[in-house]
Number of protein chains: 2
Amino acid sequence: MKPDHPARTRECQTVSELLSRIGDKWSVLVVASLGEGALRFSALRRRINGISQKMLTTTLRSLERDGFVTRTVFPTTPVQVEYQLTELGRDLLCPVGALAEWAIRNQARVDAAREKFDRKNKPATQRPAVPLNV
Amino acid sequence: MKPDHPARTRECQTVSELLSRIGDKWSVLVVASLGEGALRFSALRRRINGISQKMLTTTLRSLERDGFVTRTVFPTTPVQVEYQLTELGRDLLCPVGALAEWAIRNQARVDAAREKFDRKNKPATQRPAVPLNV
DNA sequence: CGGGATCCCGACGGATACTG
DNA sequence: CAGTATCCGTCGGGATCCCG
């Protein structure tokens with residue numbers, strides 16, 4: 001296939017769309033947390049550490065919709081809800097894991113590049129912190 | 001390392017942060033477009049197809065800051081600016097490519113899951129399309 | 001040509017309160 | 001316990017105009 005083949009563009013958009021979904025603030029953390037086994041709502045929330053219950057719900061719904069997790073309700077009192085990766089979800093963990101390794105290995109390089117860029121271009125972007133008491 | 005080792009959490013956050021950056025609307029498309037060689041601003045904009053000049057600028061600045069692309073200005077009249085992947089940027093293309101392949105291979109599965117979910121849960125979320133001429 | 005500066009709007013996401 | 005509902009601020013991102 002030619003580098004600038006039309007289909008190439010569509011494929012990139014497909015990737016873009018996937019990244020738009022799992023590239024949000026919490027999806028990857030949720031999927032990774034479920035990577036080692038099923039978890040209940042509260043357990044997930046405790047494990048993820050900064051997530052609000054609203055965003056956990058939203059994220060789980062989205063992942064369920066896309067077929068990455070299943071949601072099982074146990075009609076106890078009070079209710080228990082268990083979340084678990086589907087086979088598609090576990091499958092997704094592979095390429096995401098590769099990206100994860102890359103991110104961990106190259107984090108220092110990115111940080112260094114960023115510092116260098118900031119030092120060079122915008123030493124003046126510093127906030128006055130407090131504009132005094134006018 | 002234990003599955004719930006504290007460092008595990010930090011690593012996931014690192015991955016989350018990377019995804020937050022390249023998971024935006026255009027970064028991957030830009031990086032992919034530059035994957036086959038350097039391009040000028042206008043060429044990039046023509047190639048990407050729906051991007052505004054503001055977002056192309058913003059995205060390129062961000063990628064430059066993180067050390068993924070270089071920006072070279074040719075002081076002709078009018079100016080020419082060429083963008084090119086760094087070694088870090090080309091390196092990033094590997095895991096992203098893996099994710100890309102996954103997205104392309106499993107697109108149908110995700111779409112199917114989504115349709116199924118929507119049919120089951122929300123047949124009423126359909127928009128009125130056009131609210132008539134009030 | 002390659003942007004910078006503004007305006008504007010909708011989506012994302014946090015905080016809080018309430019419910020089955 | 002596992003949400004839903006509401007309010008609200010922030011930010012992404014498009015449109016438009018201008019500039020060296």
# chains A, B, ... in the order shown; residues from 1 in each chain; ligands from 1

$ residues_around --residues "DA17 (chain C)" --least-positions-apart "2" --cutoff "10 Å" --atoms "only C-alpha atoms (C1' of nucleotides)" --output "VMD selection string"
(chain C and resid 15) or (chain D and resid 5 to 6)

$ write_last_selection --atoms "N, CA and C atoms (P, O5', C5', C4', C3', O3' and C1' of nucleotides)" --output "PDB file, in the first residue's frame"
ATOM      1  P    DA C  15     -13.219  17.051  43.819  1.00  0.00           P
ATOM      2  O5'  DA C  15     -14.633  17.702  44.168  1.00  0.00           O
ATOM      3  C5'  DA C  15     -14.882  19.076  43.889  1.00  0.00           C
ATOM      4  C4'  DA C  15     -16.138  19.527  44.592  1.00  0.00           C
ATOM      5  C3'  DA C  15     -16.475  18.750  45.872  1.00  0.00           C
ATOM      6  O3'  DA C  15     -16.973  19.641  46.865  1.00  0.00           O
ATOM      7  C1'  DA C  15     -18.216  18.462  44.266  1.00  0.00           C
TER       8       DA C  15
ATOM      9  P    DA D   5     -30.923  10.246  36.541  1.00  0.00           P
ATOM     10  O5'  DA D   5     -30.736  11.574  37.394  1.00  0.00           O
ATOM     11  C5'  DA D   5     -31.263  11.653  38.705  1.00  0.00           C
ATOM     12  C4'  DA D   5     -31.136  13.091  39.225  1.00  0.00           C
ATOM     13  C3'  DA D   5     -31.062  14.156  38.135  1.00  0.00           C
ATOM     14  O3'  DA D   5     -31.791  15.316  38.562  1.00  0.00           O
ATOM     15  C1'  DA D   5     -29.097  14.238  39.453  1.00  0.00           C
ATOM     16  P    DT D   6     -32.039  16.528  37.551  1.00  0.00           P
ATOM     17  O5'  DT D   6     -31.018  17.619  38.091  1.00  0.00           O
ATOM     18  C5'  DT D   6     -30.990  17.906  39.490  1.00  0.00           C
ATOM     19  C4'  DT D   6     -29.846  18.828  39.824  1.00  0.00           C
ATOM     20  C3'  DT D   6     -29.544  19.920  38.778  1.00  0.00           C
ATOM     21  O3'  DT D   6     -29.684  21.196  39.389  1.00  0.00           O
ATOM     22  C1'  DT D   6     -27.554  18.869  39.552  1.00  0.00           C
TER      23       DT D   6
END

$ closest_atom_pairs --of "chain C" --to "chain A" --cutoff "12 Å" --atoms "only C-alpha atoms (C1' of nucleotides)" --output "Markdown table"
| residue | atom | partner | partner_atom | distance |
| --- | --- | --- | --- | --- |
| C:DC12 | C1' | A:Asp24 | CA | 9.2 |
| C:DG13 | C1' | A:Met55 | CA | 7.3 |
| C:DG14 | C1' | A:Ser52 | CA | 7.3 |
| C:DA15 | C1' | A:Ser52 | CA | 9.1 |
| C:DT16 | C1' | A:Lys54 | CA | 11.3 |
| C:DG20 | C1' | A:Pro78 | CA | 9.5 |

$ write_last_selection --atoms "all heavy atoms" --output "compact mmCIF listing (two decimals), in the first residue's frame"
# COMPACT_ATOMS: atom_id res chain seq x y z
P DC C 12 -17.19 14.50 26.22
OP1 DC C 12 -16.51 13.45 25.44
OP2 DC C 12 -18.56 14.30 26.75
O5' DC C 12 -16.23 14.91 27.43
C5' DC C 12 -14.94 15.46 27.11
C4' DC C 12 -14.27 15.91 28.37
O4' DC C 12 -14.91 17.10 28.87
C3' DC C 12 -14.32 14.89 29.51
O3' DC C 12 -13.02 14.76 30.06
C2' DC C 12 -15.32 15.48 30.48
C1' DC C 12 -15.14 16.96 30.26
N1 DC C 12 -16.30 17.83 30.60
C2 DC C 12 -16.11 18.93 31.44
O2 DC C 12 -14.99 19.15 31.90
N3 DC C 12 -17.17 19.72 31.73
C4 DC C 12 -18.37 19.46 31.20
N4 DC C 12 -19.39 20.28 31.51
C5 DC C 12 -18.58 18.33 30.34
C6 DC C 12 -17.53 17.55 30.07
P DG C 13 -12.71 13.44 31.00
OP1 DG C 13 -11.31 13.04 30.74
OP2 DG C 13 -13.79 12.44 30.85
O5' DG C 13 -12.78 14.08 32.45
C5' DG C 13 -12.14 15.31 32.73
C4' DG C 13 -12.67 15.92 34.01
O4' DG C 13 -13.91 16.62 33.74
C3' DG C 13 -13.01 14.92 35.13
O3' DG C 13 -12.46 15.39 36.33
C2' DG C 13 -14.53 14.94 35.16
C1' DG C 13 -14.78 16.40 34.81
N9 DG C 13 -16.15 16.71 34.42
C8 DG C 13 -16.96 15.97 33.61
N7 DG C 13 -18.14 16.50 33.44
C5 DG C 13 -18.10 17.66 34.21
C6 DG C 13 -19.09 18.65 34.42
O6 DG C 13 -20.24 18.70 33.96
N1 DG C 13 -18.62 19.66 35.26
C2 DG C 13 -17.37 19.72 35.82
N2 DG C 13 -17.10 20.76 36.61
N3 DG C 13 -16.44 18.79 35.62
C4 DG C 13 -16.87 17.80 34.82
P DG C 14 -12.13 14.37 37.55
OP1 DG C 14 -10.68 14.10 37.54
OP2 DG C 14 -13.09 13.25 37.50
O5' DG C 14 -12.47 15.23 38.86
C5' DG C 14 -11.85 16.49 39.06
C4' DG C 14 -12.74 17.38 39.91
O4' DG C 14 -13.93 17.73 39.17
C3' DG C 14 -13.21 16.74 41.22
O3' DG C 14 -12.91 17.57 42.33
C2' DG C 14 -14.72 16.57 41.03
C1' DG C 14 -15.06 17.65 40.01
N9 DG C 14 -16.21 17.30 39.17
C8 DG C 14 -16.28 16.26 38.28
N7 DG C 14 -17.43 16.21 37.66
C5 DG C 14 -18.16 17.26 38.18
C6 DG C 14 -19.48 17.69 37.89
O6 DG C 14 -20.29 17.21 37.10
N1 DG C 14 -19.83 18.81 38.65
C2 DG C 14 -19.01 19.43 39.57
N2 DG C 14 -19.51 20.49 40.20
N3 DG C 14 -17.78 19.04 39.83
C4 DG C 14 -17.42 17.95 39.12
P DA C 15 -13.22 17.05 43.82
OP1 DA C 15 -12.19 17.67 44.68
OP2 DA C 15 -13.38 15.57 43.78
O5' DA C 15 -14.63 17.70 44.17
C5' DA C 15 -14.88 19.08 43.89
C4' DA C 15 -16.14 19.53 44.59
O4' DA C 15 -17.27 19.35 43.71
C3' DA C 15 -16.47 18.75 45.87
O3' DA C 15 -16.97 19.64 46.86
C2' DA C 15 -17.52 17.73 45.41
C1' DA C 15 -18.22 18.46 44.27
N9 DA C 15 -18.67 17.57 43.20
C8 DA C 15 -17.99 16.52 42.66
N7 DA C 15 -18.64 15.90 41.70
C5 DA C 15 -19.84 16.59 41.61
C6 DA C 15 -20.96 16.44 40.77
N6 DA C 15 -21.07 15.50 39.84
N1 DA C 15 -21.98 17.30 40.94
C2 DA C 15 -21.88 18.27 41.87
N3 DA C 15 -20.87 18.51 42.72
C4 DA C 15 -19.87 17.63 42.52
P DT C 16 -17.33 19.05 48.33
OP1 DT C 16 -16.97 20.11 49.30
OP2 DT C 16 -16.75 17.69 48.47
O5' DT C 16 -18.92 18.92 48.29
C5' DT C 16 -19.69 19.96 47.67
C4' DT C 16 -21.12 19.50 47.46
O4' DT C 16 -21.20 18.67 46.28
C3' DT C 16 -21.69 18.63 48.61
O3' DT C 16 -22.79 19.31 49.21
C2' DT C 16 -22.12 17.33 47.93
C1' DT C 16 -22.24 17.75 46.48
N1 DT C 16 -22.05 16.64 45.51
C2 DT C 16 -23.04 16.38 44.59
O2 DT C 16 -24.07 17.03 44.53
N3 DT C 16 -22.78 15.33 43.75
C4 DT C 16 -21.65 14.53 43.73
O4 DT C 16 -21.53 13.62 42.93
C5 DT C 16 -20.65 14.86 44.73
C7 DT C 16 -19.40 14.07 44.80
C6 DT C 16 -20.90 15.89 45.55
P DG C 20 -36.16 5.93 45.48
OP1 DG C 20 -37.16 6.75 44.79
OP2 DG C 20 -36.27 5.64 46.92
O5' DG C 20 -36.01 4.54 44.72
C5' DG C 20 -35.01 4.32 43.72
C4' DG C 20 -34.45 2.91 43.81
O4' DG C 20 -33.20 2.93 44.53
C3' DG C 20 -35.33 1.90 44.54
O3' DG C 20 -35.09 0.61 44.00
C2' DG C 20 -34.79 1.97 45.98
C1' DG C 20 -33.30 2.14 45.71
N9 DG C 20 -32.55 2.84 46.75
C8 DG C 20 -32.98 3.87 47.55
N7 DG C 20 -32.06 4.29 48.38
C5 DG C 20 -30.95 3.50 48.10
C6 DG C 20 -29.67 3.49 48.68
O6 DG C 20 -29.22 4.21 49.57
N1 DG C 20 -28.86 2.51 48.09
C2 DG C 20 -29.25 1.65 47.09
N2 DG C 20 -28.36 0.79 46.66
N3 DG C 20 -30.46 1.66 46.54
C4 DG C 20 -31.25 2.60 47.10

$ residues_around --residues "Gly67 (chain B)" --least-positions-apart "4" --cutoff "8 Å" --atoms "only C-alpha atoms (C1' of nucleotides)" --output "list in words"
Arg109, Val110, Ala113 and Arg114 of chain A; Leu63, Thr86, Leu88 and Gly89 of chain B

$ write_last_selection --atoms "all heavy atoms" --output "PDB file, in the first residue's frame"
ATOM      1  N   ARG A 109      13.157  10.914  28.949  1.00  0.00           N
ATOM      2  CA  ARG A 109      13.485  11.641  27.721  1.00  0.00           C
ATOM      3  C   ARG A 109      12.459  12.729  27.433  1.00  0.00           C
ATOM      4  O   ARG A 109      12.790  13.845  27.032  1.00  0.00           O
ATOM      5  CB  ARG A 109      13.558  10.668  26.537  1.00  0.00           C
ATOM      6  CG  ARG A 109      14.776   9.762  26.593  1.00  0.00           C
ATOM      7  CD  ARG A 109      15.300   9.473  25.220  1.00  0.00           C
ATOM      8  NE  ARG A 109      14.695   8.297  24.597  1.00  0.00           N
ATOM      9  CZ  ARG A 109      14.875   7.991  23.309  1.00  0.00           C
ATOM     10  NH1 ARG A 109      15.596   8.773  22.523  1.00  0.00           N
ATOM     11  NH2 ARG A 109      14.316   6.917  22.813  1.00  0.00           N
ATOM     12  N   VAL A 110      11.187  12.378  27.619  1.00  0.00           N
ATOM     13  CA  VAL A 110      10.130  13.355  27.381  1.00  0.00           C
ATOM     14  C   VAL A 110      10.234  14.518  28.354  1.00  0.00           C
ATOM     15  O   VAL A 110      10.161  15.690  27.968  1.00  0.00           O
ATOM     16  CB  VAL A 110       8.744  12.687  27.489  1.00  0.00           C
ATOM     17  CG1 VAL A 110       7.640  13.730  27.407  1.00  0.00           C
ATOM     18  CG2 VAL A 110       8.568  11.646  26.397  1.00  0.00           C
ATOM     19  N   ALA A 113      13.105  16.758  27.390  1.00  0.00           N
ATOM     20  CA  ALA A 113      12.769  17.577  26.227  1.00  0.00           C
ATOM     21  C   ALA A 113      11.858  18.729  26.637  1.00  0.00           C
ATOM     22  O   ALA A 113      12.020  19.865  26.184  1.00  0.00           O
ATOM     23  CB  ALA A 113      12.091  16.714  25.168  1.00  0.00           C
ATOM     24  N   ARG A 114      10.941  18.424  27.518  1.00  0.00           N
ATOM     25  CA  ARG A 114       9.988  19.444  27.920  1.00  0.00           C
ATOM     26  C   ARG A 114      10.670  20.555  28.724  1.00  0.00           C
ATOM     27  O   ARG A 114      10.440  21.738  28.476  1.00  0.00           O
ATOM     28  CB  ARG A 114       8.883  18.799  28.760  1.00  0.00           C
ATOM     29  CG  ARG A 114       7.626  19.619  28.780  1.00  0.00           C
ATOM     30  CD  ARG A 114       6.528  18.900  29.476  1.00  0.00           C
ATOM     31  NE  ARG A 114       6.329  17.546  28.935  1.00  0.00           N
ATOM     32  CZ  ARG A 114       5.417  16.723  29.406  1.00  0.00           C
ATOM     33  NH1 ARG A 114       4.665  17.096  30.430  1.00  0.00           N
ATOM     34  NH2 ARG A 114       5.253  15.530  28.870  1.00  0.00           N
TER      35      ARG A 114
ATOM     36  N   LEU B  63       3.861  18.677  20.472  1.00  0.00           N
ATOM     37  CA  LEU B  63       4.739  17.578  20.077  1.00  0.00           C
ATOM     38  C   LEU B  63       6.204  18.010  20.105  1.00  0.00           C
ATOM     39  O   LEU B  63       7.086  17.230  20.454  1.00  0.00           O
ATOM     40  CB  LEU B  63       4.358  17.089  18.673  1.00  0.00           C
ATOM     41  CG  LEU B  63       3.000  16.392  18.561  1.00  0.00           C
ATOM     42  CD1 LEU B  63       2.668  16.101  17.103  1.00  0.00           C
ATOM     43  CD2 LEU B  63       2.970  15.119  19.389  1.00  0.00           C
ATOM     44  N   THR B  86      11.570  13.463  15.455  1.00  0.00           N
ATOM     45  CA  THR B  86      12.863  13.189  16.069  1.00  0.00           C
ATOM     46  C   THR B  86      13.030  11.680  16.166  1.00  0.00           C
ATOM     47  O   THR B  86      12.147  10.916  15.794  1.00  0.00           O
ATOM     48  CB  THR B  86      12.924  13.775  17.488  1.00  0.00           C
ATOM     49  OG1 THR B  86      11.918  13.127  18.273  1.00  0.00           O
ATOM     50  CG2 THR B  86      12.657  15.262  17.471  1.00  0.00           C
ATOM     51  N   LEU B  88      13.078  10.145  18.932  1.00  0.00           N
ATOM     52  CA  LEU B  88      12.081   9.783  19.937  1.00  0.00           C
ATOM     53  C   LEU B  88      10.701   9.650  19.299  1.00  0.00           C
ATOM     54  O   LEU B  88       9.927   8.736  19.624  1.00  0.00           O
ATOM     55  CB  LEU B  88      12.044  10.851  21.041  1.00  0.00           C
ATOM     56  CG  LEU B  88      11.193  10.562  22.276  1.00  0.00           C
ATOM     57  CD1 LEU B  88      11.729   9.371  23.038  1.00  0.00           C
ATOM     58  CD2 LEU B  88      11.121  11.789  23.183  1.00  0.00           C
ATOM     59  N   GLY B  89      10.426  10.534  18.373  1.00  0.00           N
ATOM     60  CA  GLY B  89       9.142  10.495  17.684  1.00  0.00           C
ATOM     61  C   GLY B  89       8.987   9.242  16.831  1.00  0.00           C
ATOM     62  O   GLY B  89       7.930   8.600  16.824  1.00  0.00           O
TER      63      GLY B  89
END

$ closest_residue --among "A:Val28, A:Ala43, A:Ala108, A:Ala100" --to "DA2 (chain D)" --atoms "only C-alpha atoms (C1' of nucleotides)"
A:Ala43

$ select_by_dssp --residues "region 26-120 of chain B" --states "strand (DSSP E)" --output "list in words"
Leu39, Arg40, Val69, Thr70, Arg71, Thr72, Val73, Phe74, Gln80, Val81, Glu82, Tyr83, Gln84 and Leu85 of chain B

$ closest_atom_pairs --of "chain D" --to "chain A" --cutoff "10 Å" --atoms "only C-alpha atoms (C1' of nucleotides)" --output "tab-separated table"
residue	atom	partner	partner_atom	distance
D:DC1	C1'	A:Pro78	CA	5.5
D:DA2	C1'	A:Val79	CA	7.1
D:DG3	C1'	A:Thr57	CA	7.7
D:DT4	C1'	A:Lys54	CA	9.2

$ interface_residues --of "chain A" --to "chain B" --cutoff "7 Å" --atoms "only C-alpha atoms" --output "PyMOL selection string"
chain A and resi 11-12+14-16+18-20+23-25+28-29+65-67+95-96+98-100+103-104+110+113-114+117

$ write_last_selection --atoms "N, CA and C atoms" --output "PDB file, in the first residue's frame"
ATOM      1  N   GLU A  11      -7.493   4.520   8.274  1.00  0.00           N
ATOM      2  CA  GLU A  11      -6.925   3.720   9.354  1.00  0.00           C
ATOM      3  C   GLU A  11      -6.447   4.603  10.499  1.00  0.00           C
ATOM      4  N   CYS A  12      -5.784   5.697  10.143  1.00  0.00           N
ATOM      5  CA  CYS A  12      -5.300   6.606  11.174  1.00  0.00           C
ATOM      6  C   CYS A  12      -6.450   7.181  11.970  1.00  0.00           C
ATOM      7  N   THR A  14      -9.248   5.704  12.509  1.00  0.00           N
ATOM      8  CA  THR A  14      -9.692   4.623  13.391  1.00  0.00           C
ATOM      9  C   THR A  14      -8.863   4.603  14.667  1.00  0.00           C
ATOM     10  N   VAL A  15      -7.564   4.720  14.499  1.00  0.00           N
ATOM     11  CA  VAL A  15      -6.679   4.746  15.651  1.00  0.00           C
ATOM     12  C   VAL A  15      -6.951   5.967  16.512  1.00  0.00           C
ATOM     13  N   SER A  16      -7.154   7.073  15.856  1.00  0.00           N
ATOM     14  CA  SER A  16      -7.478   8.300  16.573  1.00  0.00           C
ATOM     15  C   SER A  16      -8.716   8.132  17.428  1.00  0.00           C
ATOM     16  N   LEU A  18      -9.986   5.358  18.614  1.00  0.00           N
ATOM     17  CA  LEU A  18      -9.703   4.485  19.746  1.00  0.00           C
ATOM     18  C   LEU A  18      -8.977   5.251  20.842  1.00  0.00           C
ATOM     19  N   LEU A  19      -8.003   6.050  20.434  1.00  0.00           N
ATOM     20  CA  LEU A  19      -7.250   6.814  21.414  1.00  0.00           C
ATOM     21  C   LEU A  19      -8.113   7.860  22.098  1.00  0.00           C
ATOM     22  N   SER A  20      -9.086   8.373  21.381  1.00  0.00           N
ATOM     23  CA  SER A  20      -9.986   9.342  21.998  1.00  0.00           C
ATOM     24  C   SER A  20     -10.798   8.693  23.108  1.00  0.00           C
ATOM     25  N   GLY A  23      -8.061   7.205  25.715  1.00  0.00           N
ATOM     26  CA  GLY A  23      -7.101   8.236  26.064  1.00  0.00           C
ATOM     27  C   GLY A  23      -7.670   9.264  27.017  1.00  0.00           C
ATOM     28  N   ASP A  24      -8.845   9.016  27.534  1.00  0.00           N
ATOM     29  CA  ASP A  24      -9.404   9.966  28.492  1.00  0.00           C
ATOM     30  C   ASP A  24      -8.705   9.816  29.837  1.00  0.00           C
ATOM     31  N   LYS A  25      -9.212  10.506  30.810  1.00  0.00           N
ATOM     32  CA  LYS A  25      -8.453  10.630  32.054  1.00  0.00           C
ATOM     33  C   LYS A  25      -8.356   9.328  32.847  1.00  0.00           C
ATOM     34  N   VAL A  28      -7.734   3.934  30.990  1.00  0.00           N
ATOM     35  CA  VAL A  28      -6.607   3.015  31.063  1.00  0.00           C
ATOM     36  C   VAL A  28      -6.376   2.523  32.480  1.00  0.00           C
ATOM     37  N   LEU A  29      -6.524   3.425  33.425  1.00  0.00           N
ATOM     38  CA  LEU A  29      -6.338   3.023  34.823  1.00  0.00           C
ATOM     39  C   LEU A  29      -7.370   1.986  35.225  1.00  0.00           C
ATOM     40  N   ARG A  65     -19.953  -0.297  27.197  1.00  0.00           N
ATOM     41  CA  ARG A  65     -20.560  -0.073  25.888  1.00  0.00           C
ATOM     42  C   ARG A  65     -19.659  -0.557  24.755  1.00  0.00           C
ATOM     43  N   ASP A  66     -18.379  -0.309  24.899  1.00  0.00           N
ATOM     44  CA  ASP A  66     -17.441  -0.702  23.852  1.00  0.00           C
ATOM     45  C   ASP A  66     -17.059  -2.175  23.933  1.00  0.00           C
ATOM     46  N   GLY A  67     -17.603  -2.882  24.935  1.00  0.00           N
ATOM     47  CA  GLY A  67     -17.350  -4.315  25.008  1.00  0.00           C
ATOM     48  C   GLY A  67     -16.048  -4.689  25.682  1.00  0.00           C
ATOM     49  N   PRO A  95      -1.553  -4.412  23.437  1.00  0.00           N
ATOM     50  CA  PRO A  95      -0.960  -3.212  22.836  1.00  0.00           C
ATOM     51  C   PRO A  95      -0.842  -2.066  23.827  1.00  0.00           C
ATOM     52  N   VAL A  96      -1.795  -1.972  24.740  1.00  0.00           N
ATOM     53  CA  VAL A  96      -1.715  -0.916  25.747  1.00  0.00           C
ATOM     54  C   VAL A  96      -0.511  -1.153  26.661  1.00  0.00           C
ATOM     55  N   ALA A  98       2.244  -2.543  25.745  1.00  0.00           N
ATOM     56  CA  ALA A  98       3.424  -2.145  24.977  1.00  0.00           C
ATOM     57  C   ALA A  98       3.633  -0.643  25.082  1.00  0.00           C
ATOM     58  N   LEU A  99       2.533   0.079  24.928  1.00  0.00           N
ATOM     59  CA  LEU A  99       2.608   1.531  25.048  1.00  0.00           C
ATOM     60  C   LEU A  99       3.035   1.928  26.457  1.00  0.00           C
ATOM     61  N   ALA A 100       2.541   1.176  27.420  1.00  0.00           N
ATOM     62  CA  ALA A 100       2.888   1.444  28.814  1.00  0.00           C
ATOM     63  C   ALA A 100       4.393   1.319  29.022  1.00  0.00           C
ATOM     64  N   ALA A 103       6.173   4.179  27.550  1.00  0.00           N
ATOM     65  CA  ALA A 103       6.010   5.396  28.338  1.00  0.00           C
ATOM     66  C   ALA A 103       6.937   5.389  29.543  1.00  0.00           C
ATOM     67  N   ILE A 104       7.042   4.224  30.183  1.00  0.00           N
ATOM     68  CA  ILE A 104       7.877   4.132  31.373  1.00  0.00           C
ATOM     69  C   ILE A 104       9.348   4.258  31.003  1.00  0.00           C
ATOM     70  N   VAL A 110      11.187  12.378  27.619  1.00  0.00           N
ATOM     71  CA  VAL A 110      10.130  13.355  27.381  1.00  0.00           C
ATOM     72  C   VAL A 110      10.234  14.518  28.354  1.00  0.00           C
ATOM     73  N   ALA A 113      13.105  16.758  27.390  1.00  0.00           N
ATOM     74  CA  ALA A 113      12.769  17.577  26.227  1.00  0.00           C
ATOM     75  C   ALA A 113      11.858  18.729  26.637  1.00  0.00           C
ATOM     76  N   ARG A 114      10.941  18.424  27.518  1.00  0.00           N
ATOM     77  CA  ARG A 114       9.988  19.444  27.920  1.00  0.00           C
ATOM     78  C   ARG A 114      10.670  20.555  28.724  1.00  0.00           C
ATOM     79  N   PHE A 117      12.658  22.707  26.374  1.00  0.00           N
ATOM     80  CA  PHE A 117      11.773  23.564  25.591  1.00  0.00           C
ATOM     81  C   PHE A 117      11.287  24.740  26.422  1.00  0.00           C
TER      82      PHE A 117
END

$ residues_around --residues "DG10 (chain C)" --least-positions-apart "2" --cutoff "10 Å" --atoms "only C-alpha atoms (C1' of nucleotides)" --output "PyMOL selection string"
(chain C and resi 8+12) or (chain D and resi 12-13)

$ write_last_selection --atoms "N, CA, C and O atoms (P, O5', C5', C4', C3', O3' and C1' of nucleotides)" --output "compact mmCIF listing (two decimals), in the first residue's frame"
# COMPACT_ATOMS: atom_id res chain seq x y z
P DC C 8 -17.92 36.74 22.25
O5' DC C 8 -18.38 35.27 21.94
C5' DC C 8 -18.34 34.77 20.59
C4' DC C 8 -18.43 33.25 20.61
C3' DC C 8 -19.28 32.70 21.75
O3' DC C 8 -20.37 31.95 21.22
C1' DC C 8 -17.21 31.54 21.58
P DC C 12 -17.19 14.50 26.22
O5' DC C 12 -16.23 14.91 27.43
C5' DC C 12 -14.94 15.46 27.11
C4' DC C 12 -14.27 15.91 28.37
C3' DC C 12 -14.32 14.89 29.51
O3' DC C 12 -13.02 14.76 30.06
C1' DC C 12 -15.14 16.96 30.26
P DG D 12 -6.94 21.80 27.20
O5' DG D 12 -7.59 21.07 25.94
C5' DG D 12 -8.40 19.91 26.14
C4' DG D 12 -9.43 19.79 25.04
C3' DG D 12 -8.88 19.94 23.64
O3' DG D 12 -9.57 19.03 22.80
C1' DG D 12 -10.49 21.64 24.02
P DG D 13 -8.91 18.64 21.40
O5' DG D 13 -9.65 19.60 20.38
C5' DG D 13 -11.07 19.64 20.36
C4' DG D 13 -11.56 20.89 19.67
C3' DG D 13 -10.75 21.32 18.43
O3' DG D 13 -11.67 21.58 17.39
C1' DG D 13 -11.17 23.15 19.79

$ select_by_dssp --residues "region 2-89 of chain A" --states "helix (DSSP H, G or I)" --output "MDAnalysis selection string"
chainID A and resid 6:22 27:34 41:48 53:65 87:89

$ decode --residues "region 75-109 of chain B" --atoms "C-alpha atoms" --output "PDB file, in the first residue's frame"
ATOM      1  CA  PRO B  75      14.061  32.347   6.224  1.00  0.00           C
ATOM      2  CA  THR B  76      12.813  32.589   2.674  1.00  0.00           C
ATOM      3  CA  THR B  77      10.077  35.017   1.683  1.00  0.00           C
ATOM      4  CA  PRO B  78       7.526  33.997   2.506  1.00  0.00           C
ATOM      5  CA  VAL B  79       8.728  31.799   5.316  1.00  0.00           C
ATOM      6  CA  GLN B  80       8.870  28.056   5.097  1.00  0.00           C
ATOM      7  CA  VAL B  81       8.631  25.862   8.147  1.00  0.00           C
ATOM      8  CA  GLU B  82       9.408  22.186   8.061  1.00  0.00           C
ATOM      9  CA  TYR B  83       8.386  19.638  10.651  1.00  0.00           C
ATOM     10  CA  GLN B  84      10.115  16.338  11.156  1.00  0.00           C
ATOM     11  CA  LEU B  85      10.015  13.476  13.618  1.00  0.00           C
ATOM     12  CA  THR B  86      12.863  13.189  16.069  1.00  0.00           C
ATOM     13  CA  GLU B  87      14.347   9.819  16.902  1.00  0.00           C
ATOM     14  CA  LEU B  88      12.081   9.783  19.937  1.00  0.00           C
ATOM     15  CA  GLY B  89       9.142  10.495  17.684  1.00  0.00           C
ATOM     16  CA  ARG B  90       9.997   7.688  15.290  1.00  0.00           C
ATOM     17  CA  ASP B  91      10.491   5.456  18.284  1.00  0.00           C
ATOM     18  CA  LEU B  92       7.026   6.301  19.501  1.00  0.00           C
ATOM     19  CA  LEU B  93       5.624   5.140  16.189  1.00  0.00           C
ATOM     20  CA  CYS B  94       6.310   1.505  17.083  1.00  0.00           C
ATOM     21  CA  PRO B  95       3.982   1.029  20.056  1.00  0.00           C
ATOM     22  CA  VAL B  96       1.497   3.379  18.460  1.00  0.00           C
ATOM     23  CA  GLY B  97       1.635   1.250  15.347  1.00  0.00           C
ATOM     24  CA  ALA B  98       0.846  -1.819  17.421  1.00  0.00           C
ATOM     25  CA  LEU B  99      -2.148  -0.066  18.889  1.00  0.00           C
ATOM     26  CA  ALA B 100      -3.109   1.009  15.397  1.00  0.00           C
ATOM     27  CA  GLU B 101      -3.107  -2.551  14.123  1.00  0.00           C
ATOM     28  CA  TRP B 102      -5.180  -3.621  17.077  1.00  0.00           C
ATOM     29  CA  ALA B 103      -7.690  -0.851  16.466  1.00  0.00           C
ATOM     30  CA  ILE B 104      -8.023  -1.785  12.822  1.00  0.00           C
ATOM     31  CA  ARG B 105      -8.347  -5.489  13.502  1.00  0.00           C
ATOM     32  CA  ASN B 106     -10.891  -5.084  16.283  1.00  0.00           C
ATOM     33  CA  GLN B 107     -12.881  -2.146  15.040  1.00  0.00           C
ATOM     34  CA  ALA B 108     -15.758  -4.383  14.006  1.00  0.00           C
ATOM     35  CA  ARG B 109     -15.905  -6.041  17.412  1.00  0.00           C
TER      36      ARG B 109
END
